[in-house]
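Here is the structure we will look at, set down as structure tokens.
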Amino acid sequence: MKLCVALSCVLALGVSAAEEEGRAKLLLHKKLTPPEGPYYKGRPINITLQVWNQGPGNAYSVVVTDENWKQDKFRTVFQGNNFTLDFLNAGEQFTHEFTVVPVKTILAHRVKPAKMVFVDGVEGESTITHHSNGW
């Protein structure tokens, strides 16, 4: 009987600890330098993608894609426009920077938000999608 009661307490503690952990709350911010066009042929554009996990839970399999830089208009010269993180714990942040160069002068270019997909630590199987700020 004592073993059964002790096991019940351990199981109850495990459930309440998972409930207390909570869901991951991720934010994605995209910054361009220079911030707007026109974009001139050969003039680099620096892009910074920042991910913050405000917590309280952890996020897993974080995938960020920025498909705004088509090869017929831009050439990526530093890093890549996409990245993956195995996990991002509550309270942590990650910054990814890359550079693109226009292959021709572009007077107007619609800058689209970057996309982030991750698995919430509490939800387990559930995939969550967010987008960065837009212009």
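Just so we're on the same page: first chain in the structure tokens is A, next is B, and so on; residues restart at 1 for each chain, and ligands are numbered from 1 in the order they show up.
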Item to check | Shell of 12 Å around segment 56-64 of chain A, only C-alpha atoms, local chain residues under 6 positions omitted, as number ranges by chain | outcome: A: 17-30, 48-50, 80-96, 113-132
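Backbone DSSP of chain A yields alpha helix (DSSP H) at Lys2, Leu3, Cys4, Val5, Ala6, Leu7, Ser8, Cys9, Val10, Leu11, Ala12, Leu13, Gly14, Val15, Ser16, Ala17, Ala18, Glu19, Glu20 and Glu21 of chain A.
Atom CA of Ala108 of chain A lies 27.3 Å from atom CA of Val51 of chain A.
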Checklist entry - Rounded to one decimal in Å, what is the spacing between atom CA of Asn133 of chain A and atom CA of Lys41 of chain A? => result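 That distance, rounded to one decimal, is 25.7 Å.
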Checklist entry - Which neighbours of Tyr39 of chain A fall inside 8 Å, counting only C-alpha atoms, when residues of the same chain fewer than 6 positions from it are skipped, and could you give them as an MDAnalysis selection string? => result chainID A and resid 102 105:108
Written file, previous selection with C-alpha atoms, as a CSV table (one decimal), in the first residue's frame:
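Produced file again.csv, reproduced below:
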chain,number,residue,atom,x,y,z
A,102,PRO,CA,21.5,42.1,-55.9
A,105,THR,CA,19.3,47.1,-59.7
A,106,ILE,CA,15.9,46.6,-58.1
A,107,LEU,CA,13.8,49.7,-57.6
A,108,ALA,CA,11.1,48.0,-55.7
Checklist outcome for this item: Computed gap from atom CA of Thr65 of chain A to atom CA of Val101 of chain A is 18.0 Å
